[in-house]
Structure formats: structure tokens, C-alpha cells
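input_34.cif, holding mmCIF, C-alpha atoms:
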data_protein
#
loop_
_atom_site.label_atom_id
_atom_site.label_comp_id
_atom_site.auth_asym_id
_atom_site.auth_seq_id
_atom_site.Cartn_x
_atom_site.Cartn_y
_atom_site.Cartn_z
CA MET S 1 -42.51 39.89 -7.29
CA PRO S 2 -38.84 39.01 -6.80
CA LYS S 3 -38.07 35.35 -7.32
CA LYS S 4 -36.78 33.25 -4.43
CA PHE S 5 -33.90 30.82 -4.94
CA THR S 6 -33.13 28.42 -2.10
CA PHE S 7 -29.82 26.60 -1.68
CA ILE S 8 -29.95 23.46 0.47
CA GLY S 9 -26.35 22.67 1.38
CA ALA S 10 -25.27 26.28 0.91
CA GLY S 11 -22.00 25.72 2.77
CA SER S 12 -20.56 24.45 -0.51
CA LEU S 13 -18.78 27.68 -1.44
CA GLY S 14 -18.04 26.86 -5.07
CA PHE S 15 -21.54 25.83 -6.06
CA THR S 16 -23.32 28.47 -3.97
CA ARG S 17 -21.18 31.38 -5.08
CA GLU S 18 -21.01 30.46 -8.77
CA LEU S 19 -24.68 29.55 -9.15
CA SER S 20 -25.74 32.71 -7.31
CA ARG S 21 -23.49 34.78 -9.57
CA ASP S 22 -25.13 33.17 -12.62
CA ILE S 23 -28.65 33.75 -11.31
CA LEU S 24 -27.97 37.41 -10.58
CA SER S 25 -26.48 37.91 -14.05
CA PHE S 26 -29.96 37.66 -15.61
CA PRO S 27 -31.93 40.93 -15.62
CA ALA S 28 -35.10 39.11 -14.54
CA PHE S 29 -33.38 37.94 -11.34
CA GLN S 30 -31.32 40.92 -10.28
CA ASP S 31 -33.82 41.69 -7.50
CA ALA S 32 -33.99 38.04 -6.42
CA HIS S 33 -34.08 36.78 -2.86
CA ILE S 34 -31.35 34.20 -2.35
CA CYS S 35 -31.99 32.03 0.69
CA LEU S 36 -29.09 29.93 1.99
CA MET S 37 -29.61 26.87 4.19
CA ASP S 38 -26.97 24.61 5.75
CA ILE S 39 -26.53 22.70 8.99
CA HIS S 40 -22.96 24.04 9.36
CA GLU S 41 -23.39 27.52 10.82
CA GLY S 42 -19.79 28.54 10.17
CA ARG S 43 -19.87 27.72 6.46
CA LEU S 44 -23.37 29.19 6.21
CA GLY S 45 -22.21 32.52 7.60
CA TYR S 46 -19.31 32.69 5.19
CA SER S 47 -21.55 31.81 2.23
CA LYS S 48 -23.90 34.65 3.17
CA ARG S 49 -20.99 37.09 3.23
CA ALA S 50 -19.82 35.78 -0.15
CA ILE S 51 -23.23 36.39 -1.72
CA GLU S 52 -23.43 39.83 -0.12
CA LYS S 53 -20.10 40.59 -1.80
CA LEU S 54 -21.51 39.49 -5.17
CA ILE S 55 -24.61 41.64 -4.69
CA ALA S 56 -22.53 44.68 -3.77
CA ALA S 57 -20.12 44.17 -6.66
CA GLY S 58 -22.97 44.04 -9.17
CA ASN S 59 -24.96 46.78 -7.42
CA TYR S 60 -27.94 44.45 -7.59
CA PRO S 61 -31.21 45.15 -5.73
CA ALA S 62 -31.14 41.52 -4.57
CA THR S 63 -31.34 40.25 -0.99
CA VAL S 64 -29.78 37.29 0.78
CA THR S 65 -30.73 35.51 4.00
CA ALA S 66 -29.25 32.49 5.76
CA THR S 67 -30.88 29.92 8.01
CA THR S 68 -30.37 26.47 9.47
CA ASP S 69 -34.14 25.89 9.24
CA ARG S 70 -34.85 23.93 6.06
CA ARG S 71 -38.58 24.58 6.11
CA GLU S 72 -38.05 28.32 6.45
CA ALA S 73 -35.66 28.20 3.52
CA LEU S 74 -38.04 26.27 1.26
CA LYS S 75 -41.16 28.33 1.97
CA ASP S 76 -42.40 29.98 -1.27
CA ALA S 77 -39.23 29.18 -3.19
CA ASP S 78 -39.38 29.39 -6.99
CA GLY S 79 -36.15 27.48 -7.53
CA VAL S 80 -34.42 24.98 -5.23
CA LEU S 81 -30.79 23.87 -5.63
CA ILE S 82 -29.52 20.89 -3.62
CA THR S 83 -25.80 20.39 -2.95
CA ILE S 84 -25.53 18.23 0.17
CA LEU S 85 -23.13 15.58 1.51
CA GLN S 86 -24.77 13.19 3.95
CA GLY S 87 -22.61 11.54 6.59
CA GLY S 88 -19.47 13.61 6.20
CA VAL S 89 -15.93 12.73 5.33
CA ASP S 90 -15.41 9.91 7.85
CA VAL S 91 -18.19 7.70 6.53
CA TRP S 92 -17.16 8.50 2.95
CA ARG S 93 -13.69 7.22 3.88
CA HIS S 94 -15.25 3.91 4.92
CA ASP S 95 -17.00 3.71 1.52
CA ILE S 96 -13.56 3.63 -0.09
CA GLU S 97 -11.45 1.84 2.53
CA ILE S 98 -13.71 -1.20 2.95
CA PRO S 99 -13.81 -2.08 -0.79
CA LYS S 100 -10.04 -1.47 -0.98
CA LYS S 101 -9.50 -4.01 1.81
CA TRP S 102 -11.41 -6.51 -0.31
CA GLY S 103 -9.41 -5.63 -3.44
CA VAL S 104 -11.77 -3.14 -5.12
CA ASP S 105 -9.73 0.01 -5.81
CA ILE S 106 -11.95 3.11 -5.85
CA ASN S 107 -11.07 6.45 -7.41
CA VAL S 108 -14.00 8.66 -6.32
CA GLY S 109 -16.83 6.44 -5.08
CA ASP S 110 -19.70 8.89 -5.42
CA THR S 111 -21.68 7.55 -8.37
CA ARG S 112 -21.88 3.75 -8.67
CA GLY S 113 -20.10 0.62 -7.52
CA PRO S 114 -20.28 -0.33 -3.82
CA SER S 115 -19.13 3.12 -2.69
CA GLY S 116 -21.72 4.93 -4.81
CA VAL S 117 -24.48 2.55 -3.73
CA PHE S 118 -23.81 3.18 -0.05
CA ARG S 119 -23.59 6.93 -0.51
CA PHE S 120 -27.02 6.64 -2.13
CA LEU S 121 -28.41 4.56 0.75
CA ARG S 122 -27.35 7.24 3.24
CA THR S 123 -28.45 10.22 1.17
CA ALA S 124 -31.81 9.02 -0.18
CA PRO S 125 -33.93 9.46 2.99
CA VAL S 126 -32.54 12.96 3.60
CA MET S 127 -33.25 13.97 0.01
CA LEU S 128 -36.78 12.61 0.27
CA ASP S 129 -37.32 14.65 3.46
CA ILE S 130 -36.27 17.75 1.53
CA ILE S 131 -38.72 16.95 -1.27
CA ARG S 132 -41.56 16.22 1.15
CA ASP S 133 -41.03 19.66 2.72
CA ALA S 134 -40.90 21.21 -0.75
CA GLU S 135 -44.15 19.50 -1.76
CA GLU S 136 -45.81 21.30 1.14
CA LEU S 137 -43.99 24.66 1.13
CA CYS S 138 -43.14 25.32 -2.55
CA PRO S 139 -45.05 22.75 -4.64
CA ASP S 140 -44.61 24.65 -7.91
CA ALA S 141 -40.85 25.10 -7.57
CA ILE S 142 -38.33 23.56 -9.93
CA VAL S 143 -35.79 21.44 -8.02
CA LEU S 144 -32.29 21.13 -9.47
CA ASN S 145 -30.11 18.49 -7.87
CA TYR S 146 -26.31 18.61 -7.92
CA THR S 147 -25.81 15.90 -5.28
CA ASN S 148 -24.27 12.54 -6.18
CA PRO S 149 -24.98 9.75 -6.88
CA MET S 150 -26.96 11.70 -9.45
CA ALA S 151 -28.80 8.96 -11.34
CA MET S 152 -29.89 6.94 -8.32
CA LEU S 153 -31.03 9.99 -6.36
CA CYS S 154 -32.97 11.48 -9.27
CA ALA S 155 -34.61 8.16 -10.13
CA TYR S 156 -35.59 7.66 -6.49
CA LEU S 157 -37.03 11.15 -6.04
CA GLN S 158 -38.84 11.13 -9.38
CA ARG S 159 -40.43 7.79 -8.51
CA GLN S 160 -41.56 9.14 -5.14
CA SER S 161 -42.76 12.65 -6.05
CA LYS S 162 -44.55 14.55 -8.79
CA MET S 163 -42.52 17.71 -8.21
CA LYS S 164 -40.49 19.09 -11.10
CA ILE S 165 -37.06 17.59 -10.39
CA THR S 166 -34.04 17.13 -12.60
CA GLY S 167 -30.36 16.59 -11.94
CA LEU S 168 -27.44 18.53 -13.40
CA CYS S 169 -23.82 17.57 -13.97
CA HIS S 170 -21.19 19.72 -15.67
CA SER S 171 -19.36 16.81 -17.33
CA VAL S 172 -21.35 17.09 -20.59
CA GLN S 173 -20.57 20.71 -21.37
CA GLY S 174 -17.13 20.45 -19.75
CA THR S 175 -16.06 17.60 -22.00
CA ALA S 176 -17.51 19.37 -25.03
CA TRP S 177 -15.29 22.37 -24.24
CA MET S 178 -12.29 20.03 -23.98
CA LEU S 179 -13.01 18.35 -27.31
CA ALA S 180 -13.55 21.70 -29.02
CA ASP S 181 -10.20 22.88 -27.68
CA TRP S 182 -8.47 19.75 -28.97
CA LEU S 183 -10.00 20.42 -32.39
CA GLY S 184 -8.88 24.05 -32.34
CA VAL S 185 -12.44 25.42 -32.31
CA LYS S 186 -12.28 28.92 -30.87
CA ASP S 187 -15.66 30.41 -31.77
CA GLY S 188 -17.98 27.89 -30.12
CA ASN S 189 -19.35 26.86 -33.50
CA TYR S 190 -19.88 23.22 -32.59
CA THR S 191 -22.93 21.10 -31.78
CA TYR S 192 -23.47 17.68 -30.32
CA THR S 193 -26.02 15.11 -29.23
CA CYS S 194 -25.07 13.45 -25.95
CA ALA S 195 -27.01 10.69 -24.22
CA GLY S 196 -26.69 7.83 -21.75
CA ILE S 197 -26.73 7.93 -17.96
CA ASN S 198 -24.92 10.28 -15.60
CA HIS S 199 -21.13 9.83 -15.74
CA GLN S 200 -21.65 7.24 -18.46
CA ALA S 201 -23.02 9.26 -21.37
CA PHE S 202 -21.50 9.50 -24.86
CA TYR S 203 -21.49 12.00 -27.71
CA LEU S 204 -23.57 10.28 -30.37
CA ASP S 205 -22.41 12.99 -32.74
CA PHE S 206 -20.04 15.96 -32.50
CA LYS S 207 -20.04 18.50 -35.31
CA VAL S 208 -17.95 21.56 -36.11
CA ASN S 209 -19.45 24.02 -38.56
CA GLY S 210 -22.10 21.42 -39.26
CA LYS S 211 -19.61 18.70 -40.28
CA ASP S 212 -18.83 15.44 -38.49
CA ALA S 213 -15.79 16.08 -36.28
CA TYR S 214 -15.21 12.50 -35.20
CA PRO S 215 -12.65 11.70 -37.97
CA ALA S 216 -10.55 14.69 -36.93
CA MET S 217 -10.97 13.79 -33.27
CA LEU S 218 -9.89 10.21 -33.89
CA ASP S 219 -6.78 11.47 -35.69
CA LYS S 220 -5.94 13.75 -32.75
CA VAL S 221 -6.39 11.02 -30.13
CA ALA S 222 -4.49 8.40 -32.13
CA ASN S 223 -1.58 10.55 -33.27
CA ASP S 224 -1.04 13.42 -30.82
CA PRO S 225 0.78 12.12 -27.71
CA ALA S 226 -0.16 15.15 -25.62
CA ILE S 227 -3.86 14.55 -26.26
CA LEU S 228 -3.59 10.77 -25.94
CA ASN S 229 -1.87 11.10 -22.56
CA ALA S 230 -4.30 13.72 -21.26
CA GLU S 231 -7.13 11.22 -20.79
CA PRO S 232 -5.77 7.64 -20.91
CA VAL S 233 -9.01 5.89 -19.91
CA ARG S 234 -11.39 8.03 -21.92
CA ASN S 235 -9.21 7.98 -25.01
CA GLU S 236 -8.92 4.20 -24.83
CA MET S 237 -12.70 4.00 -24.56
CA PHE S 238 -13.05 6.27 -27.59
CA LEU S 239 -10.63 4.21 -29.63
CA GLN S 240 -12.38 0.94 -28.76
CA PHE S 241 -16.04 2.09 -28.64
CA GLY S 242 -16.04 4.71 -31.40
CA TYR S 243 -17.85 7.30 -29.24
CA TYR S 244 -16.40 9.74 -26.73
CA PRO S 245 -17.55 9.54 -23.07
CA THR S 246 -18.43 12.52 -20.93
CA GLU S 247 -16.81 11.77 -17.61
CA SER S 248 -13.17 12.02 -16.51
CA SER S 249 -10.74 9.13 -16.87
CA GLY S 250 -10.68 8.55 -13.14
CA HIS S 251 -14.44 8.32 -12.77
CA ASN S 252 -14.77 6.08 -15.82
CA SER S 253 -12.04 3.75 -14.63
CA GLU S 254 -14.11 2.59 -11.65
CA TYR S 255 -17.34 1.93 -13.58
CA MET S 256 -15.96 -0.87 -15.77
CA ALA S 257 -13.93 -4.07 -15.50
CA TRP S 258 -11.06 -3.10 -17.79
CA PHE S 259 -8.95 -0.49 -16.00
CA ARG S 260 -8.59 -1.07 -12.24
CA LYS S 261 -8.62 -4.84 -11.69
CA ARG S 262 -4.80 -5.22 -11.70
CA ALA S 263 -1.94 -3.09 -10.45
CA ASP S 264 -0.33 -2.94 -13.89
CA LEU S 265 -3.55 -1.63 -15.44
CA ILE S 266 -3.90 1.03 -12.74
CA GLU S 267 -0.32 2.06 -13.41
CA LYS S 268 -0.87 2.22 -17.17
CA TYR S 269 -4.27 3.93 -17.31
CA CYS S 270 -4.99 5.62 -13.98
CA LEU S 271 -1.88 7.34 -12.61
CA HIS S 272 -0.21 9.38 -15.33
CA GLY S 273 -2.91 11.24 -17.22
CA THR S 274 -2.26 14.97 -17.46
CA ASN S 275 -5.87 16.15 -17.15
CA TRP S 276 -7.88 16.47 -13.94
CA ASN S 277 -8.39 13.19 -12.05
CA PRO S 278 -6.59 10.52 -14.06
CA GLY S 279 -7.64 7.87 -11.53
CA GLU S 280 -5.51 7.82 -8.38
CA HIS S 281 -7.01 5.87 -5.48
CA ALA S 282 -9.33 8.02 -3.33
CA TYR S 283 -8.43 11.11 -5.38
CA ILE S 284 -11.47 13.25 -4.55
CA LEU S 285 -11.62 12.08 -0.93
CA LYS S 286 -8.06 13.32 -0.44
CA GLN S 287 -8.99 16.67 -1.98
CA TYR S 288 -12.06 16.88 0.25
CA ILE S 289 -10.04 16.13 3.40
CA GLU S 290 -7.63 18.90 2.43
CA SER S 291 -10.49 21.33 1.78
CA GLU S 292 -12.04 20.48 5.16
CA ALA S 293 -8.87 21.77 6.76
CA THR S 294 -8.64 24.89 4.61
CA TRP S 295 -12.25 25.89 3.90
CA GLU S 296 -12.13 28.98 6.10
CA ALA S 297 -8.99 30.23 4.36
CA LYS S 298 -10.61 29.71 0.95
CA PHE S 299 -13.70 31.66 2.00
CA ASN S 300 -11.50 34.46 3.32
CA GLU S 301 -9.45 34.51 0.12
CA PHE S 302 -12.63 35.22 -1.84
CA LEU S 303 -13.92 37.76 0.67
CA ASP S 304 -10.59 39.64 0.62
CA ARG S 305 -10.48 40.07 -3.17
CA ASP S 306 -10.77 43.61 -4.42
CA GLU S 307 -12.46 42.59 -7.67
CA VAL S 308 -15.26 40.09 -8.19
CA ASP S 309 -15.87 38.34 -11.49
CA LEU S 310 -19.57 38.74 -12.33
CA LYS S 311 -19.37 37.00 -15.69
CA ARG S 312 -21.83 34.13 -16.07
CA GLY S 313 -20.25 30.67 -15.98
CA GLY S 314 -21.06 27.45 -17.78
CA GLU S 315 -23.40 25.74 -15.30
CA TYR S 316 -26.93 25.06 -16.52
CA ALA S 317 -29.03 26.06 -13.50
CA ALA S 318 -29.53 29.80 -13.96
CA ASN S 319 -30.26 29.39 -17.68
CA ILE S 320 -32.95 26.84 -16.86
CA PHE S 321 -34.56 29.16 -14.31
CA ASN S 322 -34.43 32.01 -16.80
CA ALA S 323 -36.10 29.92 -19.50
CA LEU S 324 -38.86 28.70 -17.18
CA PHE S 325 -39.79 31.87 -15.27
CA GLY S 326 -37.32 34.61 -16.18
CA ASP S 327 -37.23 36.33 -19.55
CA GLY S 328 -38.33 33.09 -21.24
CA GLU S 329 -35.32 32.58 -23.52
CA PRO S 330 -35.38 28.85 -24.41
CA PHE S 331 -32.45 26.79 -23.24
CA SER S 332 -31.25 23.26 -24.06
CA PHE S 333 -29.26 21.21 -21.58
CA ASN S 334 -28.56 17.63 -20.55
CA GLY S 335 -30.65 16.66 -17.55
CA ASN S 336 -31.38 13.54 -15.54
CA GLN S 337 -34.87 12.07 -15.68
CA LEU S 338 -36.71 8.76 -15.68
CA ASN S 339 -36.61 6.88 -18.95
CA HIS S 340 -40.08 6.56 -20.41
CA GLY S 341 -39.15 5.81 -24.01
CA ILE S 342 -36.51 8.54 -24.27
CA ILE S 343 -33.80 5.95 -24.97
CA THR S 344 -35.64 2.97 -26.34
CA ASN S 345 -33.00 0.31 -25.70
CA LEU S 346 -32.39 1.23 -22.06
CA PRO S 347 -34.65 -0.01 -19.25
CA ASP S 348 -37.84 1.78 -18.37
CA LEU S 349 -37.46 3.68 -15.07
CA ALA S 350 -33.71 3.98 -15.57
CA CYS S 351 -32.50 7.53 -14.93
CA VAL S 352 -31.10 8.76 -18.23
CA GLU S 353 -29.00 11.86 -18.92
CA THR S 354 -30.30 13.25 -22.20
CA PRO S 355 -31.10 16.57 -23.90
CA VAL S 356 -33.92 18.59 -22.35
CA PHE S 357 -35.55 21.74 -23.74
CA ALA S 358 -36.53 24.41 -21.19
CA SER S 359 -39.03 27.16 -22.03
CA PRO S 360 -41.91 28.99 -20.30
CA THR S 361 -44.09 25.96 -21.07
CA GLY S 362 -41.86 23.69 -18.95
CA LEU S 363 -39.23 21.00 -19.48
CA GLN S 364 -39.52 18.84 -22.58
CA ASN S 365 -37.44 15.69 -23.04
CA VAL S 366 -35.82 15.12 -26.42
CA HIS S 367 -36.43 11.66 -27.86
CA ILE S 368 -33.18 9.77 -28.57
CA GLY S 369 -34.35 6.35 -29.77
CA ASN S 370 -31.86 3.47 -29.77
CA LEU S 371 -28.27 3.90 -28.65
CA PRO S 372 -25.62 2.01 -30.64
CA ASP S 373 -25.59 -1.61 -29.46
CA ASN S 374 -22.19 -1.47 -27.78
CA LEU S 375 -23.12 1.62 -25.77
CA ALA S 376 -26.52 0.20 -24.87
CA THR S 377 -24.89 -3.00 -23.59
CA LEU S 378 -22.51 -1.08 -21.34
CA ILE S 379 -25.00 1.50 -20.11
CA SER S 380 -27.96 -0.85 -19.66
CA HIS S 381 -25.89 -2.96 -17.27
CA SER S 382 -25.13 0.09 -15.09
CA ALA S 383 -28.73 1.31 -15.31
CA GLN S 384 -30.09 -2.05 -14.15
CA ILE S 385 -27.71 -1.99 -11.16
CA GLU S 386 -28.87 1.52 -10.28
CA LYS S 387 -32.49 0.43 -10.51
CA MET S 388 -31.82 -2.44 -8.08
CA ALA S 389 -30.26 0.02 -5.63
CA VAL S 390 -33.28 2.33 -5.92
CA ASP S 391 -35.59 -0.64 -5.35
CA ALA S 392 -33.48 -1.57 -2.31
CA VAL S 393 -34.17 1.84 -0.75
CA ILE S 394 -37.87 1.81 -1.60
CA GLU S 395 -38.29 -1.71 -0.20
CA GLY S 396 -35.72 -1.47 2.61
CA ASP S 397 -34.18 -4.70 1.37
CA PRO S 398 -30.47 -5.48 2.05
CA TRP S 399 -30.55 -8.41 -0.37
CA LEU S 400 -31.12 -5.97 -3.23
CA VAL S 401 -28.13 -3.94 -2.03
CA PHE S 402 -26.05 -7.10 -2.31
CA GLN S 403 -27.44 -7.77 -5.79
CA ALA S 404 -26.51 -4.26 -6.91
CA ASN S 405 -22.95 -4.79 -5.69
CA LEU S 406 -22.79 -8.33 -7.06
CA PHE S 407 -23.16 -7.10 -10.62
CA ASP S 408 -20.78 -4.14 -10.29
CA PRO S 409 -18.24 -4.76 -13.09
CA LEU S 410 -15.15 -3.80 -11.09
CA SER S 411 -16.15 -5.76 -7.99
CA ALA S 412 -17.00 -8.79 -10.12
CA ALA S 413 -13.64 -8.54 -11.89
CA VAL S 414 -11.68 -9.03 -8.66
CA LEU S 415 -14.00 -10.78 -6.17
CA SER S 416 -16.04 -13.95 -5.89
CA MET S 417 -19.78 -13.83 -5.29
CA GLN S 418 -19.36 -14.71 -1.61
CA GLU S 419 -16.65 -12.09 -1.18
CA ILE S 420 -18.95 -9.42 -2.62
CA ARG S 421 -21.67 -10.60 -0.24
CA ASP S 422 -19.30 -10.36 2.74
CA MET S 423 -18.06 -6.93 1.63
CA THR S 424 -21.65 -5.73 1.33
CA GLN S 425 -22.45 -7.00 4.81
CA GLU S 426 -19.44 -5.19 6.26
CA MET S 427 -20.55 -1.96 4.59
CA LEU S 428 -24.12 -2.42 5.85
CA ASP S 429 -22.80 -2.86 9.39
CA LYS S 430 -20.60 0.23 9.10
CA ASN S 431 -23.56 2.34 7.88
CA ARG S 432 -26.01 1.05 10.48
CA GLU S 433 -26.80 4.46 11.99
CA TYR S 434 -27.95 5.79 8.58
CA LEU S 435 -30.06 2.80 7.53
CA GLY S 436 -32.78 2.66 10.18
CA TYR S 437 -35.40 2.62 7.43
CA PHE S 438 -34.27 -0.84 6.27
CA LYS S 439 -36.29 -3.88 7.35
CA SER S 440 -33.03 -5.50 8.47
CA LEU S 441 -29.32 -5.07 7.83
CA LYS S 442 -28.57 -8.75 7.32
CA VAL S 443 -28.08 -10.14 3.81
CA GLU S 444 -30.13 -13.32 4.08
CA LEU S 445 -30.43 -16.07 1.50
CA LYS S 446 -33.29 -15.32 -0.87
CA LYS S 447 -36.32 -17.48 -0.07
#
Can you present the structure in this file as C-alpha cells?
Amino acid sequence: MPKKFTFIGAGSLGFTRELSRDILSFPAFQDAHICLMDIHEGRLGYSKRAIEKLIAAGNYPATVTATTDRREALKDADGVLITILQGGVDVWRHDIEIPKKWGVDINVGDTRGPSGVFRFLRTAPVMLDIIRDAEELCPDAIVLNYTNPMAMLCAYLQRQSKMKITGLCHSVQGTAWMLADWLGVKDGNYTYTCAGINHQAFYLDFKVNGKDAYPAMLDKVANDPAILNAEPVRNEMFLQFGYYPTESSGHNSEYMAWFRKRADLIEKYCLHGTNWNPGEHAYILKQYIESEATWEAKFNEFLDRDEVDLKRGGEYAANIFNALFGDGEPFSFNGNQLNHGIITNLPDLACVETPVFASPTGLQNVHIGNLPDNLATLISHSAQIEKMAVDAVIEGDPWLVFQANLFDPLSAAVLSMQEIRDMTQEMLDKNREYLGYFKSLKVELKK
């Protein structure tokens, strides 16, 4: 029987088109049924036409349907891919503008810190509704989440459901490609072990032709101005930590106390990098606002192309599906899952991003053991904050939201405890319509 792949949030053209292309590139899935679901009928219609174009270009015997009915989309699915944005651009703007008013300068605001926490508070109940429907309508499906904040959402869902759920981010393989390019590796003959939490993982080793490439990488970063200036934050982290991080300079700058707490530091580290997203304030929000105004033109640009690239890309999803219920070729990737002894010096129930082995027998976590002490200190702090935010959602407790923000390194670097409390209260008030599941929205003194 043809396999069914369901996209929840299918109006995201990039993800939907590229992941569908990858799925259809596997012989086992060329007759697949791709089911698209979104609440935005205009984007949904365009996505359906884009997938029809892919199917025609590849002469695949596949089918595609589109619906605004989530339950219809999930029924009998073999694979589910989630790419949603809850609340839209206006509420996301508040996530960034309110902290900025208080002195906390946000670059993206989708992963951690006060902006990431509130995105999680809004998104968590919707994601759980999706999973509850899936438990009923496709209980054996594998669910792959691309929605941020990745770690908090995956930890929350995995604590609430026994479905097979993992989260995927392209920063691990994307950074590996960048490092290989810096080292002049053209044949892909490099390996690595990468572990930590989403957007705060590190390459514990990086080898080229079986040999440690870190000495050569250190020489490049320290002595090649073009490379040094490409990623000012990440390269500084590498020089000071001794391990290279996975996420862009801009993202990393807002997760720590060292890069955004003063205007001179923002100028030095966050404005002049030559790679994608060096760290400008509200960088991704500005891109998203622009794309909101031009999405129809971008869809039409793809639909008007004479040629369609059918070559498989670098995202993990289709390879995972193929390993689990396609032709069975094993596949290793970095996924997001609850920590039950995977990384032994990070908290239990933290959501870790570590190597996973996919095969017809299922998903098997790769044991990491202890991280180096400096990395464990940094990452454990973030993981504990994320756990408090997850507990806040499970318990409906605004005090735990405040505690999660209180220990955010960037907020703590520029604000007093009371100021963080007041900022949290303002953000709770602004998000009132999304937080009806909370017991109250007032940060009371702990009794």
C-alpha cells in the first residue's frame, strides 16, 4: 500500500516543497500519498500546486490532497511532519519588542530566553492537540517536528505521549558542511560526533579522513580573517571553549550573557559577520514580515519555473522515513529526545539533541556519556530553564514562567530580579488569549 505523509502547517512553502521532493526521491515512496493541511487556504492551495508540479516533473505515481481539516489529514498517516507558527507575526513581534523595552535585545526569539519561552507557551497546547488526534487516528505513525522552540516542544510532547516523536533541526549538518568547506574537504570524507541541546550542541569531535581536524580548524579560525569574520560569535565560542557550536552566531548570541548585554558588544560581535544571521536585532522577524508580503510572488516564481530540481536535499526527514518503513537503509541523524542517561551529566528529562540510529527496528539513541565540564555547565543551565518552562505548561503555573525567565543568562545580565518579574508579567498579559489553560496569569509570591 502507498505510504501516507501528512504535513501539518503545509503553507510553509520551503519545508513542504523540499521535504516532499526528498520523500518522492526514494523508490519506496514514489507512489506516496502526500496530504497537506493548513489553516490558511490560500497558502494551502499554492502548496498543493507546488507538490503537483514536483509529481509531474518526476513522473511519479504519487498523489496529493489538501485540507483544512486536521483530523482528515492525520487519518492513517504513516509519517507526520509539523511546521506550524502559532499566533502569527503580530504576537511574535510582541515577544521581541517587550524584552527590548526592558533592555533585553533579541535576535530571533524562537528557541529560549523570554521570547522563546512565550512562543512555547502559545504553541504547546496546539501541538498537544495535534498529538492527541494522532494518537487516535494514526497511533503507529512517526512524528517529526520542525517547529520551534524545538527542545521545549519535544520534551513536552514526549512527556505527555507515547507516540514516536522526535524533532529535527538542520543546524547540525549545515554547520558540518560549513566546517568541511573551511577545511577544503570536497569529497564528504569527514565524520563527527555532535551532542548537546537544540541550538546549543557542540562537535565533540570532527575528523577528516579519520584524523582529528580540530587543530587545522583552530588554525583557520585564528589566522584566516575571512573565516574569523564569517561567524564572530561562534568563532569566539570555539576559541574560548575548544569545541565548535552548531547554531548561527545570531542565535547563539542571545542564549548567553557575553555578547548582547552592551551596545559595544553587539556592535563587535553581532552586526558585521559575513555569514547568515550575524545577530541583528529581530533579524528573522524582519525576514518573516517581508515574506508575509511576498509569499504569493514566491509561490508563483516556483510554479512558473520551466525546470524543477528533483535532487534530494540535506534534510533528515525522508531518510528517516526510508530507514523505518521504506527500503530499510539505516540512517544516522541528530534528533531531539528526552534524556534518560544519553548524556550523563545533563539533567534527566532534559531534551537533548544527540545521534540517533534509524532502521526497520525503530529509532535507537546513541549513548554519549559525559560532556566536557565547560560544555555541561553551559548546556545544563539552559536545559534546566527549559525544564522549568515545560513544567510551567504542564502545571499551568505562571510563577514557573517567571523562574524560567529569571535564570535566562541574557536577561539576568541586564535586568534585576524584579525587572525580570515585571517583564514576565507584561508578557503574560500580552499573551492572555493564548494562555487560558493556566491557573492564573498573575506572578504571585511563592508560598
To test your reading of the syntax: which residues would the PyMOL selection byres ((chain S and resi 311) around 12) return for the file shown? Reply as a list of chain:residue names.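 The output of the PyMOL selection byres ((chain S and resi 311) around 12) on this file is S:Glu18, S:Leu19, S:Ser20, S:Arg21, S:Asp22, S:Ile23, S:Leu24, S:Ser25, S:Phe26, S:Leu54, S:Ala57, S:Gly58, S:Glu307, S:Val308, S:Asp309, S:Leu310, S:Arg312, S:Gly313, S:Gly314, S:Glu315.
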Identify which of the residues S:Glu136, S:Ala176, S:Thr123, S:Ala226 lies closest to Phe206 in chain S, counting all atoms listed in the file when measuring atom-to-atom distances.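 The answer is S:Ala176, which sits nearest to Phe206 in chain S.
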Mind checking which residues fall within 10 Å of Arg159 in chain S, counting only C-alpha atoms, ignoring those fewer than 4 positions away in the same chain, and posting them as a list in words? Leu153, Cys154, Ala155, Leu338, Leu349, Val390 and Ile394 of chain S
Running the PyMOL selection byres ((chain S and resi 37-53) around 9) on this model by hand, what would come out? Give it as a PyMOL selection string. chain S and resi 6-13+16-17+20-21+34-36+54-58+63-70+72-74+84+295-296+299-300+302-303+308
Could you pull the residues within 10 Å of Tyr434 in chain S, counting all atoms listed in the file, minus those fewer than 2 positions along the same chain, as a VMD selection string? chain S and resid 86 to 87 118 121 to 123 125 to 126 428 430 to 432 436 to 438
Using the selection just defined, write its residues with C-alpha atoms as a short mmCIF file (atom, residue, chain, number, x, y, z; two decimals), keeping the file's coordinate frame.
data_model
loop_
_atom_site.label_atom_id
_atom_site.label_comp_id
_atom_site.auth_asym_id
_atom_site.auth_seq_id
_atom_site.Cartn_x
_atom_site.Cartn_y
_atom_site.Cartn_z
CA GLN S 86 -24.77 13.19 3.95
CA GLY S 87 -22.61 11.54 6.59
CA PHE S 118 -23.81 3.18 -0.05
CA LEU S 121 -28.41 4.56 0.75
CA ARG S 122 -27.35 7.24 3.24
CA THR S 123 -28.45 10.22 1.17
CA PRO S 125 -33.93 9.46 2.99
CA VAL S 126 -32.54 12.96 3.60
CA LEU S 428 -24.12 -2.42 5.85
CA LYS S 430 -20.60 0.23 9.10
CA ASN S 431 -23.56 2.34 7.88
CA ARG S 432 -26.01 1.05 10.48
CA GLY S 436 -32.78 2.66 10.18
CA TYR S 437 -35.40 2.62 7.43
CA PHE S 438 -34.27 -0.84 6.27
#
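All residues of protein, DNA or RNA that reach within 12 Å of Asn275 in chain S, judged by only C-alpha atoms and not counting those fewer than 5 positions away in the chain, are Thr175, Met178, Ala226, Ile227, Leu228, Asn229, Ala230, Glu231, Pro232, Val233, Arg234, Asn235, Glu247, Ser248, Ser249, Gly250 and Cys270 of chain S.
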Using the chain letters and numbers from the file, give me the residues hit by the PyMOL selection byres ((chain S and resi 149) around 10), as a VMD selection string. chain S and resid 109 to 112 115 to 121 123 to 124 146 to 148 150 to 154 198 to 199 386
So how far away is CA of Ser332 in chain S from CA of Asn189 in chain S, in Å?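 Distance between the two atoms: 15.6 Å.
Straight-line separation from CA of Glu426 in chain S to CA of Leu441 in chain S: 10.0 Å.
The spacing separating CA of Ile142 in chain S from CA of Ile130 in chain S amounts to 13.0 Å.
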Please check which residues have atoms at most 6 Å from (-19.6, 3.3, 3.4) in the file's coordinates, counting all atoms listed in the file, and write them as a VMD selection string. chain S and resid 91 to 92 94 to 95 118 427
Surrounding residues of range 207-213 of chain S excluding itself and chain neighbours under 5 positions, 12 Å, only C-alpha atoms, as a list of chain:residue names: S:Ala176, S:Leu179, S:Ala180, S:Asp181, S:Trp182, S:Leu183, S:Gly184, S:Val185, S:Lys186, S:Asp187, S:Gly188, S:Asn189, S:Tyr190, S:Thr191, S:Tyr192, S:Thr193, S:Cys194, S:Leu218, S:Asp219, S:Lys220, S:Tyr243, S:Tyr244
Given all atoms listed in the file as the counted atoms, nearest of S:Phe241, S:Ile289, S:Leu265, S:Ala195 to Asn370 in chain S: S:Ala195
Can you work out which one of S:Gly242, S:Ala297, S:Asn336, S:Asp129 has the shortest atom-to-atom distance to Asn145 in chain S, counting only C-alpha atoms?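 The shortest atom-to-atom distance to Asn145 in chain S comes from S:Asn336.
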Nearest to Met423 in chain S by atom-to-atom distance, counting only C-alpha atoms, from S:Leu81, S:Leu168, S:Ile266, S:Leu406: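 Checking each of S:Leu81, S:Leu168, S:Ile266, S:Leu406 against Met423 in chain S, counting only C-alpha atoms, the winner is S:Leu406.
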